[in-house]
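> The structure is given below, and queries will be raised subsequently.
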Amino acid sequence: MHTSIPNKKYSGGDEVLRFLLNRLGQSAILLLIVTIITFFLINLAPGGPASTMRMDASPEERQAMVEKLGLDQPIHIRYIDWITNALKGDLGVSFTSSEPVVQRIAERLPYTIELTVFTIILSITIGILFGVISAIKRGKAQDHVINFFSVLGLSVPAFWLGLMLILLFSINLGWLPSSGVGARGADFNFWGWISHLIMPVLILTTTVLPNIVRFTRSSMLEVISQNYIRTARAKGAKESIVLYVHALRNALIPVVTIIGVLIPRLLSGAVITEAIFGWTGIGTLILEAARGRDYPLVMGVTVVITVVVVLCNLIVDLIYSRIDPRVKNV
Amino acid sequence: MEVSTNQDYGSKTMTKAKQSKDTIFTRLKQNKIAYFSLWFLIFLHLIVFLGPIFWTVNPEELQEVGSLAGWSLQHPFGTDDLSRDVFARMLHGGRVTLLVGLAAMLFALLIGTLVGACAGYFGKFVESVLMRITEAMMAIPNFFFVLVALTVLGTSPVMVVIVIALCGWMEIARVVYGETLKWKEYEFVEAANASGARSIRILTKYIIPQIIPSIIVSGTLTIAAAILTESAISYLGLGIQPPTPTWGNMLQNSQQYIWTAPVLGILPGAAITIVVLAYNFLGDGLRDALDPKYVKK
């Protein structure tokens, strides 16, 4: 490492463990708050579960429903019931399909993970490349062009861009399927799988790519202005070695953190992307749940998504604390 | 926290003096794309808000030419799937979309400034609670909560504005927080403190006025984000409901007609893109123009 910031010597597992416990505690509190807010929002709102019972339900049916859902209990008791079950891994039963919520989520989650993993790989590679070019060519034409497209990427509504891609590639050219996830299981074929992935991954990539480009650019510019880079140049190192060996290595460390920041955005973007392309992931599941007023499912998806995000952030923090010796007592 | 010395207080006041309205404007003028965006936005807002005075076709009224008609003199952009005039809907939809963006921005600015300024000024317990909440809000995928909230709370324009703002104030809070930390160390704030001014007075009279340039930059970028969020939730059918047009909900049905009438899908989307693009360029340009490290080209 070329940084010269004085720090305590790395003292082994103890600190990492403390750091991890600290973060775990914070994450648990975050999860608790998210479940409380969502639960109370859903249950206290005028359009809550009590109003989902059909107008034509007889008083007996209504009463049966109220008892089945435990709606005769005060709300805090219901929340405690819900959270104790949730901790045991039981998120209740979906209103609309009568299947366990956990099962419905488990069916959908792999598709969203597939979509986001491909997006992360694609956007990180292109993002770092363009970010570095933009920083090295600061103020030149390349920098301006990349900046223009970054702002454009931030400004285009994802669903509209998706619509335009469908118009071009599915309707005019007929190259790519306009929706679905492709055949899975026995009928699985490689091209079918890839062709269904291309447009959704492209759309989701545009929603996060500009951030990675901008972040890499500013990180790289900051590193280039450091003294050790000047020293390397003064020693007569070749410009390419200075940039790609000395500067890039250090500039990429903070870029790891942006992955943590981007995961919530990716999942938000996935809702829209999945809606355009009929991708049966967790994003379309929350839409179905919201439209069908399937409250146990809404609760379940919200909680699972928050857990996923919290876990990802934890992993990113851990990686970061290992690769950058300056980060210790966070 | 470093305490500023006399010397850099002096230099700060100098930059402050240099940053008079005139200079910011001339700086912005040098950034061609931001300057053009400013005029474009003014022009576009005039068209959208004054246009309906001259183009008096009712956006919710069915036209005689029938549905999905092509362009003509009576209907410059043709008619939509329910044979309503697309041009009138674009104008009225633009009003709603831009107003929602503006209102959500103002509300988000209010929350963000309040949270950021209190956290930065009071420090200690207030700071850690408020900033933890801000970080937590940034760490969760807001869009899920927007959908859930709109499902249970309803989709009136006011509710849409509130929900978008509640999910979009965090970036502003962070900017204001950082700036408050910086400004509260200056002598004129300490002097006010020493003379016994109340906290609220110090915040509103001495600190927040210094932060206004940063708030304007954040606000410009927040409008852009708010317009995008509004259009996304409208596209999903959970935003402002038809027949009231917005650029977002005009796109909602267009996917079905993308084969027969692609213009229905292209037009509102292009309008959203251009407006958001202009706001983003303007925000970036303003940030550069207000940057103390600004170098004259």
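Residues are named by chain letter and number: chains run A, B, ... in the order of the structure tokens, numbers start at 1 in each chain, and ligands are numbered from 1 in the order shown.
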Residues within 8 Å of A:Ala289, please, as a list in words. Count only C-alpha atoms; anything in the same chain fewer than 6 positions from it doesn't count.

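Returned residues: Tyr295, Leu297 and Val298 of chain A.
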
> Produce a file of the selected residues containing C-alpha atoms, as a PDB file, in the first residue's frame.


```pdb
ATOM      1  CA  TYR A 295     -50.459  -7.388   3.376  1.00  0.00           C
ATOM      2  CA  LEU A 297     -46.738 -10.592   1.442  1.00  0.00           C
ATOM      3  CA  VAL A 298     -45.999  -6.843   1.426  1.00  0.00           C
TER       4      VAL A 298
END
```

> Got a sec: who's within 6 Å of stretch 224-226 of chain B, counting only C-alpha atoms, leaving out chain neighbours fewer than 5 positions off, as a ChimeraX atom specification?

/B:101,276,279

> Could those selected residues go to a file with C-alpha atoms, as an mmCIF file, in the first residue's frame?


```cif
data_model
loop_
_atom_site.group_PDB
_atom_site.id
_atom_site.type_symbol
_atom_site.label_atom_id
_atom_site.label_comp_id
_atom_site.auth_asym_id
_atom_site.auth_seq_id
_atom_site.Cartn_x
_atom_site.Cartn_y
_atom_site.Cartn_z
ATOM 1 C CA GLY B 101 -41.699 17.851 -8.694
ATOM 2 C CA VAL B 276 -34.841 16.080 -15.906
ATOM 3 C CA TYR B 279 -32.511 20.270 -14.190
#
```

> Taking only C-alpha atoms into account, produce a table as a tab-separated table in which each residue of chain B with an atom at most 6 Å from an atom of chain A appears once, together with its shortest atom pair and the distance in Å to one decimal, ordered by chain and rising number.


```
residue	atom	partner	partner_atom	distance
B:Ile140	CA	A:Pro264	CA	5.6
B:Pro141	CA	A:Pro264	CA	4.3
B:Phe143	CA	A:Ser268	CA	5.0
B:Val152	CA	A:Gly47	CA	5.0
B:Gly269	CA	A:Trp160	CA	5.7
B:Thr273	CA	A:Val156	CA	4.8
B:Val276	CA	A:Ser155	CA	5.2
B:Leu277	CA	A:Ser155	CA	5.0
```

> Which neighbours of stretch 229-238 of chain A fall inside 12 Å, counting only C-alpha atoms, when residues of the same chain fewer than 3 positions from it are skipped, and could you give them as a list of chain:residue names?

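Selected residues are A:His2, A:Thr3, A:Met220, A:Leu221, A:Glu222, A:Val223, A:Ile224, A:Ser225, A:Gln226, A:Ile241, A:Val242, A:Leu243, A:Tyr244, A:Val245, A:His246, A:Ala247, A:Leu248, A:Arg249, A:Asn250, A:Ala251.
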
> Take atom CA of A:Ser150 and atom CA of B:Ala173 and report the distance between them in Å, one decimal.

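We find that atom CA of A:Ser150 and atom CA of B:Ala173 lie 24.1 Å from each other.
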
> Give the alpha helix (DSSP H) residues of stretch 11-227 of chain B, as DSSP finds them on the backbone, and put them as a ChimeraX atom specification.

/B:11-18,21-30,32-54,86-122,124-139,142-153,157-166,170-183,187-194,199-201,208-227

> Atom CA of A:Asp90 to atom CA of A:Arg78: how many Å, to one decimal?

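Separation between atom CA of A:Asp90 and atom CA of A:Arg78: 14.2 Å.
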
> List as an NGL selection string the protein and nucleic acid residues near B:Arg287, meaning an atom at most 9 Å away when only C-alpha atoms are counted, but skip any in the same chain fewer than 5 places from it.

:B and (213-214 or 216-218 or 282)

> Kindly export the residues of the current selection with N, CA and C atoms, as a JSON list (two decimals), in the first residue's frame.


```
[["chain", "number", "residue", "atom", "x", "y", "z"],
["B", 213, "PRO", "N", -26.85, 28.81, -0.87],
["B", 213, "PRO", "CA", -26.35, 28.35, -2.18],
["B", 213, "PRO", "C", -26.33, 26.83, -2.31],
["B", 214, "SER", "N", -25.83, 26.13, -1.28],
["B", 214, "SER", "CA", -25.80, 24.67, -1.35],
["B", 214, "SER", "C", -27.21, 24.11, -1.41],
["B", 216, "ILE", "N", -29.79, 25.52, -2.75],
["B", 216, "ILE", "CA", -30.33, 25.71, -4.11],
["B", 216, "ILE", "C", -29.83, 24.60, -5.04],
["B", 217, "VAL", "N", -28.56, 24.28, -4.93],
["B", 217, "VAL", "CA", -28.00, 23.21, -5.77],
["B", 217, "VAL", "C", -28.72, 21.89, -5.49],
["B", 218, "SER", "N", -28.82, 21.54, -4.18],
["B", 218, "SER", "CA", -29.50, 20.30, -3.83],
["B", 218, "SER", "C", -30.95, 20.31, -4.32],
["B", 282, "LEU", "N", -28.40, 22.00, -14.94],
["B", 282, "LEU", "CA", -28.45, 23.27, -14.22],
["B", 282, "LEU", "C", -27.87, 23.09, -12.80]]
```
